[in-house]
>>> print(open('protein_38.cif').read())   # mmCIF, C-alpha atoms, pLDDT in the B column; chains and numbers go by the auth columns
data_run
#
loop_
_atom_site.group_PDB
_atom_site.id
_atom_site.type_symbol
_atom_site.label_atom_id
_atom_site.label_comp_id
_atom_site.label_asym_id
_atom_site.label_seq_id
_atom_site.Cartn_x
_atom_site.Cartn_y
_atom_site.Cartn_z
_atom_site.B_iso_or_equiv
_atom_site.auth_seq_id
_atom_site.auth_asym_id
ATOM 1 C CA MET A 1 6.568 -10.243 -37.677 42.00 204 A
ATOM 2 C CA GLU A 2 8.287 -7.113 -36.390 44.00 205 A
ATOM 3 C CA ARG A 3 8.126 -5.504 -39.838 52.00 206 A
ATOM 4 C CA PHE A 4 4.452 -6.446 -40.125 42.00 207 A
ATOM 5 C CA LEU A 5 3.684 -4.908 -36.726 48.00 208 A
ATOM 6 C CA ARG A 6 5.582 -1.763 -37.702 59.00 209 A
ATOM 7 C CA ILE A 7 3.602 -1.378 -40.937 53.00 210 A
ATOM 8 C CA CYS A 8 0.303 -2.044 -39.168 55.00 211 A
ATOM 9 C CA GLY A 9 1.261 0.422 -36.468 68.00 212 A
ATOM 10 C CA ARG A 10 2.039 3.182 -38.941 74.00 213 A
ATOM 11 C CA GLY A 11 -1.127 2.522 -40.923 76.00 214 A
ATOM 12 C CA GLY A 12 -3.185 2.506 -37.762 81.00 215 A
ATOM 13 C CA TYR A 13 -1.585 5.723 -36.579 83.00 216 A
ATOM 14 C CA VAL A 14 -2.268 7.540 -39.857 86.00 217 A
ATOM 15 C CA THR A 15 -5.877 6.359 -39.887 90.00 218 A
ATOM 16 C CA MET A 16 -6.367 7.365 -36.260 90.00 219 A
ATOM 17 C CA ALA A 17 -4.762 10.763 -36.800 92.00 220 A
ATOM 18 C CA VAL A 18 -6.799 11.619 -39.898 94.00 221 A
ATOM 19 C CA LEU A 19 -10.093 10.546 -38.341 94.00 222 A
ATOM 20 C CA SER A 20 -9.337 12.396 -35.102 95.00 223 A
ATOM 21 C CA VAL A 21 -8.466 15.679 -36.792 95.00 224 A
ATOM 22 C CA VAL A 22 -11.399 15.498 -39.219 95.00 225 A
ATOM 23 C CA ILE A 23 -13.930 14.704 -36.488 96.00 226 A
ATOM 24 C CA SER A 24 -12.438 17.417 -34.278 96.00 227 A
ATOM 25 C CA VAL A 25 -12.862 20.049 -36.976 96.00 228 A
ATOM 26 C CA VAL A 26 -16.368 18.868 -37.852 95.00 229 A
ATOM 27 C CA SER A 27 -17.345 18.925 -34.172 95.00 230 A
ATOM 28 C CA TYR A 28 -16.801 22.684 -34.083 95.00 231 A
ATOM 29 C CA ARG A 29 -19.549 23.200 -36.670 94.00 232 A
ATOM 30 C CA PHE A 30 -21.692 24.444 -33.793 93.00 233 A
ATOM 31 C CA VAL A 31 -19.661 27.674 -33.828 92.00 234 A
ATOM 32 C CA PRO A 32 -20.998 28.960 -37.175 89.00 235 A
ATOM 33 C CA LEU A 33 -24.260 26.974 -37.197 91.00 236 A
ATOM 34 C CA GLY A 34 -25.353 27.042 -33.571 91.00 237 A
ATOM 35 C CA VAL A 35 -26.037 24.051 -31.321 92.00 238 A
ATOM 36 C CA THR A 36 -29.682 23.720 -32.299 90.00 239 A
ATOM 37 C CA GLN A 37 -28.842 23.193 -35.948 90.00 240 A
ATOM 38 C CA ALA A 38 -25.522 21.386 -35.574 89.00 241 A
ATOM 39 C CA MET A 39 -26.326 19.102 -32.604 89.00 242 A
ATOM 40 C CA GLU A 40 -30.074 18.818 -32.374 87.00 243 A
ATOM 41 C CA HIS A 41 -29.960 15.829 -29.994 84.00 244 A
ATOM 42 C CA MET A 42 -28.034 17.935 -27.452 89.00 245 A
ATOM 43 C CA ALA A 43 -29.871 21.212 -27.880 89.00 246 A
ATOM 44 C CA HIS A 44 -32.131 20.561 -24.884 89.00 247 A
ATOM 45 C CA ASN A 45 -29.128 21.318 -22.658 90.00 248 A
ATOM 46 C CA LEU A 46 -29.228 24.961 -23.745 90.00 249 A
ATOM 47 C CA ASP A 47 -32.116 25.402 -21.323 91.00 250 A
ATOM 48 C CA GLY A 48 -30.449 25.494 -17.909 88.00 251 A
ATOM 49 C CA ASN A 49 -27.331 23.468 -18.689 91.00 252 A
ATOM 50 C CA ALA A 50 -25.637 25.548 -21.364 94.00 253 A
ATOM 51 C CA LEU A 51 -22.330 26.033 -19.522 95.00 254 A
ATOM 52 C CA ALA A 52 -21.730 22.297 -19.237 96.00 255 A
ATOM 53 C CA LEU A 53 -22.786 21.811 -22.846 95.00 256 A
ATOM 54 C CA TYR A 54 -20.331 24.361 -24.233 96.00 257 A
ATOM 55 C CA ALA A 55 -17.560 23.124 -21.924 97.00 258 A
ATOM 56 C CA HIS A 56 -18.028 19.597 -23.223 97.00 259 A
ATOM 57 C CA ILE A 57 -18.404 20.285 -26.931 96.00 260 A
ATOM 58 C CA GLY A 58 -15.599 22.850 -26.773 96.00 261 A
ATOM 59 C CA GLY A 59 -13.107 20.769 -24.787 97.00 262 A
ATOM 60 C CA ALA A 60 -13.581 17.280 -26.223 97.00 263 A
ATOM 61 C CA PRO A 61 -12.705 18.183 -29.846 97.00 264 A
ATOM 62 C CA LEU A 62 -9.610 20.012 -28.603 97.00 265 A
ATOM 63 C CA ALA A 63 -8.395 16.901 -26.784 97.00 266 A
ATOM 64 C CA LEU A 64 -9.181 14.823 -29.862 97.00 267 A
ATOM 65 C CA ALA A 65 -7.226 17.169 -32.134 96.00 268 A
ATOM 66 C CA VAL A 66 -4.156 17.216 -29.866 96.00 269 A
ATOM 67 C CA MET A 67 -4.082 13.478 -29.165 95.00 270 A
ATOM 68 C CA PRO A 68 -2.578 12.222 -32.480 93.00 271 A
ATOM 69 C CA PHE A 69 0.340 14.651 -32.264 91.00 272 A
ATOM 70 C CA GLN A 70 1.256 13.222 -28.873 89.00 273 A
ATOM 71 C CA PHE A 71 1.838 9.865 -30.547 83.00 274 A
ATOM 72 C CA TRP A 72 4.126 11.366 -33.164 84.00 275 A
ATOM 73 C CA ALA A 73 7.543 10.054 -32.129 80.00 276 A
ATOM 74 C CA GLY A 74 9.423 12.695 -34.145 83.00 277 A
ATOM 75 C CA LEU A 75 7.705 15.546 -32.329 83.00 278 A
ATOM 76 C CA ARG A 76 8.161 13.900 -28.964 81.00 279 A
ATOM 77 C CA LEU A 77 11.877 13.320 -29.484 84.00 280 A
ATOM 78 C CA ARG A 78 12.857 16.491 -31.363 88.00 281 A
ATOM 79 C CA ARG A 79 10.461 18.978 -29.743 88.00 282 A
ATOM 80 C CA PRO A 80 9.951 17.740 -26.155 86.00 283 A
ATOM 81 C CA VAL A 81 8.856 21.163 -24.932 91.00 284 A
ATOM 82 C CA VAL A 82 6.088 21.296 -27.536 92.00 285 A
ATOM 83 C CA HIS A 83 5.150 17.745 -26.636 89.00 286 A
ATOM 84 C CA ARG A 84 4.844 18.624 -22.947 92.00 287 A
ATOM 85 C CA TRP A 85 2.772 21.733 -23.579 94.00 288 A
ATOM 86 C CA LEU A 86 0.436 19.865 -25.890 95.00 289 A
ATOM 87 C CA GLY A 87 0.157 17.266 -23.133 95.00 290 A
ATOM 88 C CA ARG A 88 -0.951 19.945 -20.710 96.00 291 A
ATOM 89 C CA VAL A 89 -3.558 21.171 -23.186 97.00 292 A
ATOM 90 C CA TYR A 90 -4.752 17.591 -23.681 97.00 293 A
ATOM 91 C CA VAL A 91 -5.127 16.942 -19.954 97.00 294 A
ATOM 92 C CA ALA A 92 -6.843 20.272 -19.261 98.00 295 A
ATOM 93 C CA ALA A 93 -9.286 19.753 -22.129 98.00 296 A
ATOM 94 C CA ILE A 94 -10.202 16.308 -20.809 98.00 297 A
ATOM 95 C CA PHE A 95 -10.737 17.507 -17.257 98.00 298 A
ATOM 96 C CA VAL A 96 -13.020 20.317 -18.421 98.00 299 A
ATOM 97 C CA SER A 97 -14.889 18.243 -20.988 98.00 300 A
ATOM 98 C CA GLY A 98 -15.066 15.150 -18.793 98.00 301 A
ATOM 99 C CA VAL A 99 -16.595 16.920 -15.803 98.00 302 A
ATOM 100 C CA ALA A 100 -19.049 18.670 -18.108 97.00 303 A
ATOM 101 C CA GLY A 101 -19.835 15.391 -19.878 96.00 304 A
ATOM 102 C CA LEU A 102 -20.620 13.729 -16.556 97.00 305 A
ATOM 103 C CA GLN A 103 -23.096 16.480 -15.774 96.00 306 A
ATOM 104 C CA LEU A 104 -24.657 16.186 -19.231 95.00 307 A
ATOM 105 C CA ALA A 105 -25.081 12.437 -18.734 95.00 308 A
ATOM 106 C CA PHE A 106 -27.511 13.129 -15.907 93.00 309 A
ATOM 107 C CA HIS A 107 -29.615 15.280 -18.236 90.00 310 A
ATOM 108 C CA THR A 108 -29.674 13.140 -21.352 90.00 311 A
ATOM 109 C CA THR A 109 -33.061 12.538 -22.956 89.00 312 A
ATOM 110 C CA ALA A 110 -31.883 9.185 -24.339 89.00 313 A
ATOM 111 C CA GLY A 111 -32.715 7.309 -21.146 92.00 314 A
ATOM 112 C CA SER A 112 -30.873 5.958 -18.120 94.00 315 A
ATOM 113 C CA PHE A 113 -29.023 3.220 -20.048 96.00 316 A
ATOM 114 C CA ALA A 114 -27.410 5.759 -22.369 95.00 317 A
ATOM 115 C CA GLY A 115 -26.870 8.199 -19.511 96.00 318 A
ATOM 116 C CA THR A 116 -25.051 5.559 -17.475 97.00 319 A
ATOM 117 C CA GLY A 117 -22.863 4.669 -20.463 97.00 320 A
ATOM 118 C CA PHE A 118 -21.851 8.261 -21.108 97.00 321 A
ATOM 119 C CA GLY A 119 -21.458 8.955 -17.390 97.00 322 A
ATOM 120 C CA LEU A 120 -19.088 6.034 -16.885 98.00 323 A
ATOM 121 C CA LEU A 121 -17.150 7.079 -19.968 98.00 324 A
ATOM 122 C CA ALA A 122 -16.627 10.524 -18.422 98.00 325 A
ATOM 123 C CA VAL A 123 -15.490 9.063 -15.090 98.00 326 A
ATOM 124 C CA VAL A 124 -13.070 6.544 -16.632 98.00 327 A
ATOM 125 C CA TRP A 125 -11.789 9.154 -19.101 98.00 328 A
ATOM 126 C CA ILE A 126 -10.898 11.543 -16.288 98.00 329 A
ATOM 127 C CA ALA A 127 -9.494 8.762 -14.096 98.00 330 A
ATOM 128 C CA THR A 128 -7.170 7.292 -16.735 98.00 331 A
ATOM 129 C CA THR A 129 -5.916 10.737 -17.715 98.00 332 A
ATOM 130 C CA ALA A 130 -5.347 11.767 -14.108 98.00 333 A
ATOM 131 C CA THR A 131 -3.440 8.532 -13.461 97.00 334 A
ATOM 132 C CA GLY A 132 -1.269 9.141 -16.513 96.00 335 A
ATOM 133 C CA LEU A 133 -0.604 12.670 -15.313 96.00 336 A
ATOM 134 C CA ALA A 134 0.371 11.429 -11.856 97.00 337 A
ATOM 135 C CA PHE A 135 2.906 8.985 -13.307 95.00 338 A
ATOM 136 C CA ALA A 136 4.344 11.729 -15.520 93.00 339 A
ATOM 137 C CA VAL A 137 4.849 13.975 -12.507 93.00 340 A
ATOM 138 C CA ARG A 138 6.604 11.070 -10.770 95.00 341 A
ATOM 139 C CA ARG A 139 8.644 10.551 -13.960 91.00 342 A
ATOM 140 C CA ASP A 140 7.508 6.952 -14.209 94.00 343 A
ATOM 141 C CA PHE A 141 7.234 7.212 -17.976 88.00 344 A
ATOM 142 C CA ALA A 142 6.556 3.538 -18.665 89.00 345 A
ATOM 143 C CA ARG A 143 3.361 3.612 -16.619 93.00 346 A
ATOM 144 C CA HIS A 144 2.613 7.121 -17.858 92.00 347 A
ATOM 145 C CA LYS A 145 2.599 5.865 -21.456 91.00 348 A
ATOM 146 C CA ALA A 146 0.367 2.920 -20.611 94.00 349 A
ATOM 147 C CA TRP A 147 -2.223 5.061 -18.879 96.00 350 A
ATOM 148 C CA MET A 148 -2.175 7.725 -21.561 95.00 351 A
ATOM 149 C CA LEU A 149 -2.780 5.009 -24.145 95.00 352 A
ATOM 150 C CA ARG A 150 -5.877 4.106 -22.136 97.00 353 A
ATOM 151 C CA SER A 151 -6.871 7.764 -22.054 97.00 354 A
ATOM 152 C CA ALA A 152 -6.368 8.094 -25.809 96.00 355 A
ATOM 153 C CA ALA A 153 -8.576 5.057 -26.461 96.00 356 A
ATOM 154 C CA LEU A 154 -11.376 6.804 -24.591 97.00 357 A
ATOM 155 C CA THR A 155 -10.722 10.114 -26.331 97.00 358 A
ATOM 156 C CA PHE A 156 -11.123 8.219 -29.608 97.00 359 A
ATOM 157 C CA ALA A 157 -14.677 7.364 -28.512 97.00 360 A
ATOM 158 C CA ALA A 158 -15.647 10.666 -30.147 96.00 361 A
ATOM 159 C CA VAL A 159 -14.691 9.084 -33.474 97.00 362 A
ATOM 160 C CA THR A 160 -16.161 5.627 -32.914 97.00 363 A
ATOM 161 C CA LEU A 161 -19.433 7.143 -31.696 96.00 364 A
ATOM 162 C CA ARG A 162 -19.874 8.989 -34.983 95.00 365 A
ATOM 163 C CA LEU A 163 -18.826 5.990 -37.045 96.00 366 A
ATOM 164 C CA TYR A 164 -21.394 3.790 -35.304 96.00 367 A
ATOM 165 C CA LEU A 165 -24.084 6.443 -35.634 95.00 368 A
ATOM 166 C CA GLY A 166 -23.347 6.656 -39.349 94.00 369 A
ATOM 167 C CA ILE A 167 -23.643 2.890 -39.693 96.00 370 A
ATOM 168 C CA ALA A 168 -26.898 2.879 -37.724 95.00 371 A
ATOM 169 C CA MET A 169 -28.339 5.600 -39.958 92.00 372 A
ATOM 170 C CA ALA A 170 -27.205 3.748 -43.088 95.00 373 A
ATOM 171 C CA PHE A 171 -29.165 0.697 -41.954 94.00 374 A
ATOM 172 C CA ASP A 172 -32.157 2.848 -40.959 92.00 375 A
ATOM 173 C CA ALA A 173 -31.964 1.723 -37.328 92.00 376 A
ATOM 174 C CA ASP A 174 -34.167 3.294 -34.688 92.00 377 A
ATOM 175 C CA PHE A 175 -32.171 6.302 -33.454 89.00 378 A
ATOM 176 C CA GLU A 176 -33.103 6.055 -29.777 90.00 379 A
ATOM 177 C CA THR A 177 -32.262 2.358 -29.584 93.00 380 A
ATOM 178 C CA ALA A 178 -29.038 2.773 -31.544 95.00 381 A
ATOM 179 C CA TYR A 179 -27.957 5.798 -29.523 94.00 382 A
ATOM 180 C CA SER A 180 -28.427 3.941 -26.228 95.00 383 A
ATOM 181 C CA LEU A 181 -26.294 1.045 -27.426 97.00 384 A
ATOM 182 C CA ILE A 182 -23.650 3.303 -28.925 97.00 385 A
ATOM 183 C CA ALA A 183 -23.326 5.114 -25.588 97.00 386 A
ATOM 184 C CA TRP A 184 -21.517 1.949 -24.488 98.00 387 A
ATOM 185 C CA ALA A 185 -20.198 0.610 -27.778 97.00 388 A
ATOM 186 C CA CYS A 186 -18.296 3.814 -28.570 97.00 389 A
ATOM 187 C CA TRP A 187 -15.841 3.295 -25.706 98.00 390 A
ATOM 188 C CA VAL A 188 -15.971 -0.159 -24.112 98.00 391 A
ATOM 189 C CA PRO A 189 -14.415 -1.957 -27.145 97.00 392 A
ATOM 190 C CA ASN A 190 -11.785 0.808 -27.353 97.00 393 A
ATOM 191 C CA ALA A 191 -10.864 0.261 -23.720 97.00 394 A
ATOM 192 C CA LEU A 192 -10.698 -3.511 -24.166 97.00 395 A
ATOM 193 C CA ALA A 193 -8.608 -3.180 -27.334 94.00 396 A
ATOM 194 C CA VAL A 194 -5.956 -1.073 -25.631 95.00 397 A
ATOM 195 C CA GLU A 195 -5.779 -3.562 -22.752 95.00 398 A
ATOM 196 C CA VAL A 196 -5.164 -6.374 -25.255 93.00 399 A
ATOM 197 C CA TYR A 197 -2.461 -4.263 -26.895 90.00 400 A
ATOM 198 C CA LEU A 198 -0.753 -3.454 -23.607 92.00 401 A
ATOM 199 C CA ARG A 199 -0.851 -7.066 -22.503 89.00 402 A
ATOM 200 C CA PHE A 200 0.147 -8.882 -25.674 84.00 403 A
ATOM 201 C CA PHE A 201 1.610 -6.524 -28.284 74.00 404 A
ATOM 202 C CA ARG A 202 3.308 -3.659 -26.511 69.00 405 A
ATOM 203 C CA ALA A 203 6.585 -5.528 -26.050 56.00 406 A
ATOM 204 C CA ALA A 204 6.882 -5.943 -29.817 51.00 407 A
ATOM 205 C CA GLY A 205 5.776 -2.444 -30.727 49.00 408 A
ATOM 206 C CA GLY A 206 7.036 -0.554 -27.726 46.00 409 A
ATOM 207 C CA ARG A 207 10.365 0.363 -29.301 43.00 410 A
ATOM 208 C CA HIS A 208 8.354 2.503 -31.739 41.00 411 A
ATOM 209 C CA GLY A 209 6.457 3.747 -28.661 41.00 412 A
ATOM 210 C CA ALA A 210 4.029 6.470 -28.072 42.00 413 A
ATOM 211 C CA GLY A 211 3.229 8.535 -25.054 43.00 414 A
ATOM 212 C CA ILE A 212 1.988 11.816 -23.743 46.00 415 A
ATOM 213 C CA ALA A 213 4.255 13.826 -21.473 44.00 416 A
ATOM 214 C CA VAL A 214 2.943 16.682 -19.384 46.00 417 A
ATOM 215 C CA ALA A 215 5.667 17.063 -16.769 44.00 418 A
ATOM 216 C CA ASN A 216 9.068 18.721 -16.988 39.00 419 A
#
>>> encode(input="protein_38.cif", output="structure tokens")
Amino acid sequence: MERFLRICGRGGYVTMAVLSVVISVVSYRFVPLGVTQAMEHMAHNLDGNALALYAHIGGAPLALAVMPFQFWAGLRLRRPVVHRWLGRVYVAAIFVSGVAGLQLAFHTTAGSFAGTGFGLLAVVWIATTATGLAFAVRRDFARHKAWMLRSAALTFAAVTLRLYLGIAMAFDADFETAYSLIAWACWVPNALAVEVYLRFFRAAGGRHGAGIAVAN
């Protein structure tokens, strides 16, 4: 069983890392293409809410790109200074993007159901990350790791959102209906999955552990 969990863990990590980096890079397509062409469904924010828009779409992919490296045990053990600095970048990117995302949620054109889903995601994303940071500062690394795993699950919502949108488009679903549902589906299952892991599987896989350190 331990060997099976180790193999599954490595496979899951590689999959998560590849998807996170690819989606992060693709998310910056607005730089050469412009928001209107690259993210048409968010372009309405350019009129009066551009600062929050650029803060969100600039910060979230950065957090997503950094996140997999923080779960790389070799980097964490052999290059702790790099690990800590990447942790600081990760936390800062989430605070900037999360606050901006909360503001954007109030201005979404997808309706109040979607806006509430994205707004709660922003609040919980910031809260879990801030809690993980607080435990790192207190050098309570066991709780720090647990809360940063929760944070990472919410960061990964950027990937699951796009996967679900792709599936919805493949089945020719109504975009507005699908988008409203995905505003919740992109992060609630992620959050539940990490709670199941922490409760039932962490003891078995913890010796291969993962965490994000931001304190000296």
>>> resolve_selection(input="protein_38.cif", expression="the PyMOL selection byres ((chain A and resi 354) around 6)", output="list of chain:residue names")
A:Trp328, A:Thr331, A:Thr332, A:Met351, A:Leu352, A:Arg353, A:Ala355, A:Ala356, A:Leu357
>>> closest_residue(input="protein_38.cif", among="A:Tyr231, A:Lys348, A:Gly251, A:Thr363", to="A:Gln273", atoms="all atoms listed in the file")
A:Lys348
>>> resolve_selection(input="protein_38.cif", expression="the PyMOL selection byres ((chain A and resi 220) around 12)", output="ChimeraX atom specification")
/A:212-219,221-227,267-275,355,359,362
>>> write_last_selection(input="protein_38.cif", atoms="C-alpha atoms", output="PDB file, in the frame of the given file")
ATOM      1  CA  GLY A 212       1.261   0.422 -36.468  1.00 68.00           C
ATOM      2  CA  ARG A 213       2.039   3.182 -38.941  1.00 74.00           C
ATOM      3  CA  GLY A 214      -1.127   2.522 -40.923  1.00 76.00           C
ATOM      4  CA  GLY A 215      -3.185   2.506 -37.762  1.00 81.00           C
ATOM      5  CA  TYR A 216      -1.585   5.723 -36.579  1.00 83.00           C
ATOM      6  CA  VAL A 217      -2.268   7.540 -39.857  1.00 86.00           C
ATOM      7  CA  THR A 218      -5.877   6.359 -39.887  1.00 90.00           C
ATOM      8  CA  MET A 219      -6.367   7.365 -36.260  1.00 90.00           C
ATOM      9  CA  VAL A 221      -6.799  11.619 -39.898  1.00 94.00           C
ATOM     10  CA  LEU A 222     -10.093  10.546 -38.341  1.00 94.00           C
ATOM     11  CA  SER A 223      -9.337  12.396 -35.102  1.00 95.00           C
ATOM     12  CA  VAL A 224      -8.466  15.679 -36.792  1.00 95.00           C
ATOM     13  CA  VAL A 225     -11.399  15.498 -39.219  1.00 95.00           C
ATOM     14  CA  ILE A 226     -13.930  14.704 -36.488  1.00 96.00           C
ATOM     15  CA  SER A 227     -12.438  17.417 -34.278  1.00 96.00           C
ATOM     16  CA  LEU A 267      -9.181  14.823 -29.862  1.00 97.00           C
ATOM     17  CA  ALA A 268      -7.226  17.169 -32.134  1.00 96.00           C
ATOM     18  CA  VAL A 269      -4.156  17.216 -29.866  1.00 96.00           C
ATOM     19  CA  MET A 270      -4.082  13.478 -29.165  1.00 95.00           C
ATOM     20  CA  PRO A 271      -2.578  12.222 -32.480  1.00 93.00           C
ATOM     21  CA  PHE A 272       0.340  14.651 -32.264  1.00 91.00           C
ATOM     22  CA  GLN A 273       1.256  13.222 -28.873  1.00 89.00           C
ATOM     23  CA  PHE A 274       1.838   9.865 -30.547  1.00 83.00           C
ATOM     24  CA  TRP A 275       4.126  11.366 -33.164  1.00 84.00           C
ATOM     25  CA  ALA A 355      -6.368   8.094 -25.809  1.00 96.00           C
ATOM     26  CA  PHE A 359     -11.123   8.219 -29.608  1.00 97.00           C
ATOM     27  CA  VAL A 362     -14.691   9.084 -33.474  1.00 97.00           C
TER      28      VAL A 362
END
>>> residues_around(input="protein_38.cif", residues="A:Thr380", least_positions_apart="6", cutoff="12 Å", atoms="all atoms listed in the file", output="list in words")
Ala313, Gly314, Phe316, Ala317, Leu368, Ala371, Met372, Ala386 and Trp387 of chain A
>>> closest_residue(input="protein_38.cif", among="A:Ile260, A:Val299, A:Thr312, A:Asn393", to="A:His247", atoms="all atoms listed in the file")
A:Thr312
>>> closest_residue(input="protein_38.cif", among="A:Arg282, A:Arg287, A:His259, A:Arg342", to="A:Gly301", atoms="only C-alpha atoms")
A:His259
>>> closest_residue(input="protein_38.cif", among="A:Ala396, A:Ala263, A:Leu401, A:Cys389", to="A:Phe321", atoms="only C-alpha atoms")
A:Cys389
>>> atom_distance(input="protein_38.cif", atom1="atom CA of A:Arg402", atom2="atom CA of A:Ala325")
24.0 Å
>>> closest_residue(input="protein_38.cif", among="A:Phe309, A:Tyr367, A:Phe374, A:Tyr293", to="A:Ile329", atoms="only C-alpha atoms")
A:Tyr293
>>> residues_near_point(input="protein_38.cif", point="(-20.8, 26.4, -30.9)", cutoff="12 Å", atoms="all atoms listed in the file", output="list in words")
Val228, Val229, Ser230, Tyr231, Arg232, Phe233, Val234, Pro235, Leu236, Gly237, Val238, Thr239, Gln240, Ala241, Met242, Met245, Ala246, Leu249, Ala253, Leu254, Leu256, Tyr257, Ala258, His259, Ile260, Gly261, Gly262 and Pro264 of chain A
>>> closest_residue(input="protein_38.cif", among="A:Arg346, A:Arg291, A:His310, A:His244", to="A:Phe378", atoms="all atoms listed in the file")
A:His244
>>> atom_distance(input="protein_38.cif", atom1="atom CA of A:Leu305", atom2="atom CA of A:Ala330")
12.4 Å
>>> atom_distance(input="protein_38.cif", atom1="atom CA of A:Leu289", atom2="atom CA of A:Val397")
21.9 Å
>>> axis_aligned_box(input="protein_38.cif", around="stretch 321-331 of chain A", padding_each_side="4 Å", output="lines of an AutoDock Vina configuration file")
center_x = -14.5
center_y = 8.8
center_z = -17.6
size_x = 22.7
size_y = 13.5
size_z = 15.0
>>> decode(input="protein_38.cif", residues="stretch 379-397 of chain A", atoms="N, CA and C atoms", output="PDB file, in the first residue's frame")
ATOM      1  N   GLU A 379     -23.393  30.511 -20.242  1.00  0.00           N
ATOM      2  CA  GLU A 379     -23.754  31.235 -19.025  1.00  0.00           C
ATOM      3  C   GLU A 379     -24.127  30.277 -17.898  1.00  0.00           C
ATOM      4  N   THR A 380     -24.879  29.229 -18.240  1.00  0.00           N
ATOM      5  CA  THR A 380     -25.250  28.250 -17.217  1.00  0.00           C
ATOM      6  C   THR A 380     -24.019  27.490 -16.725  1.00  0.00           C
ATOM      7  N   ALA A 381     -23.195  27.052 -17.666  1.00  0.00           N
ATOM      8  CA  ALA A 381     -21.995  26.299 -17.303  1.00  0.00           C
ATOM      9  C   ALA A 381     -21.050  27.152 -16.471  1.00  0.00           C
ATOM     10  N   TYR A 382     -20.872  28.393 -16.850  1.00  0.00           N
ATOM     11  CA  TYR A 382     -19.941  29.277 -16.155  1.00  0.00           C
ATOM     12  C   TYR A 382     -20.381  29.506 -14.713  1.00  0.00           C
ATOM     13  N   SER A 383     -21.686  29.647 -14.501  1.00  0.00           N
ATOM     14  CA  SER A 383     -22.202  29.854 -13.142  1.00  0.00           C
ATOM     15  C   SER A 383     -21.939  28.636 -12.267  1.00  0.00           C
ATOM     16  N   LEU A 384     -22.132  27.455 -12.829  1.00  0.00           N
ATOM     17  CA  LEU A 384     -21.878  26.235 -12.063  1.00  0.00           C
ATOM     18  C   LEU A 384     -20.392  26.027 -11.810  1.00  0.00           C
ATOM     19  N   ILE A 385     -19.586  26.336 -12.813  1.00  0.00           N
ATOM     20  CA  ILE A 385     -18.145  26.136 -12.686  1.00  0.00           C
ATOM     21  C   ILE A 385     -17.536  27.112 -11.692  1.00  0.00           C
ATOM     22  N   ALA A 386     -18.184  28.253 -11.473  1.00  0.00           N
ATOM     23  CA  ALA A 386     -17.708  29.199 -10.462  1.00  0.00           C
ATOM     24  C   ALA A 386     -17.620  28.549  -9.086  1.00  0.00           C
ATOM     25  N   TRP A 387     -18.415  27.524  -8.867  1.00  0.00           N
ATOM     26  CA  TRP A 387     -18.374  26.751  -7.622  1.00  0.00           C
ATOM     27  C   TRP A 387     -17.605  25.443  -7.795  1.00  0.00           C
ATOM     28  N   ALA A 388     -17.860  24.776  -8.916  1.00  0.00           N
ATOM     29  CA  ALA A 388     -17.269  23.461  -9.141  1.00  0.00           C
ATOM     30  C   ALA A 388     -15.748  23.505  -9.274  1.00  0.00           C
ATOM     31  N   CYS A 389     -15.199  24.654  -9.670  1.00  0.00           N
ATOM     32  CA  CYS A 389     -13.757  24.734  -9.887  1.00  0.00           C
ATOM     33  C   CYS A 389     -12.967  24.685  -8.590  1.00  0.00           C
ATOM     34  N   TRP A 390     -13.630  24.957  -7.438  1.00  0.00           N
ATOM     35  CA  TRP A 390     -12.860  24.999  -6.196  1.00  0.00           C
ATOM     36  C   TRP A 390     -13.448  24.200  -5.032  1.00  0.00           C
ATOM     37  N   VAL A 391     -14.754  24.053  -4.969  1.00  0.00           N
ATOM     38  CA  VAL A 391     -15.332  23.322  -3.838  1.00  0.00           C
ATOM     39  C   VAL A 391     -14.855  21.868  -3.806  1.00  0.00           C
ATOM     40  N   PRO A 392     -14.905  21.104  -4.922  1.00  0.00           N
ATOM     41  CA  PRO A 392     -14.368  19.739  -4.880  1.00  0.00           C
ATOM     42  C   PRO A 392     -12.885  19.695  -4.531  1.00  0.00           C
ATOM     43  N   ASN A 393     -12.109  20.672  -5.003  1.00  0.00           N
ATOM     44  CA  ASN A 393     -10.685  20.731  -4.648  1.00  0.00           C
ATOM     45  C   ASN A 393     -10.511  20.850  -3.138  1.00  0.00           C
ATOM     46  N   ALA A 394     -11.293  21.745  -2.548  1.00  0.00           N
ATOM     47  CA  ALA A 394     -11.199  21.963  -1.103  1.00  0.00           C
ATOM     48  C   ALA A 394     -11.606  20.716  -0.329  1.00  0.00           C
ATOM     49  N   LEU A 395     -12.657  20.044  -0.788  1.00  0.00           N
ATOM     50  CA  LEU A 395     -13.103  18.822  -0.119  1.00  0.00           C
ATOM     51  C   LEU A 395     -12.064  17.713  -0.274  1.00  0.00           C
ATOM     52  N   ALA A 396     -11.464  17.618  -1.456  1.00  0.00           N
ATOM     53  CA  ALA A 396     -10.475  16.569  -1.710  1.00  0.00           C
ATOM     54  C   ALA A 396      -9.269  16.706  -0.790  1.00  0.00           C
ATOM     55  N   VAL A 397      -8.805  17.928  -0.584  1.00  0.00           N
ATOM     56  CA  VAL A 397      -7.635  18.102   0.278  1.00  0.00           C
ATOM     57  C   VAL A 397      -7.991  17.809   1.734  1.00  0.00           C
TER      58      VAL A 397
END
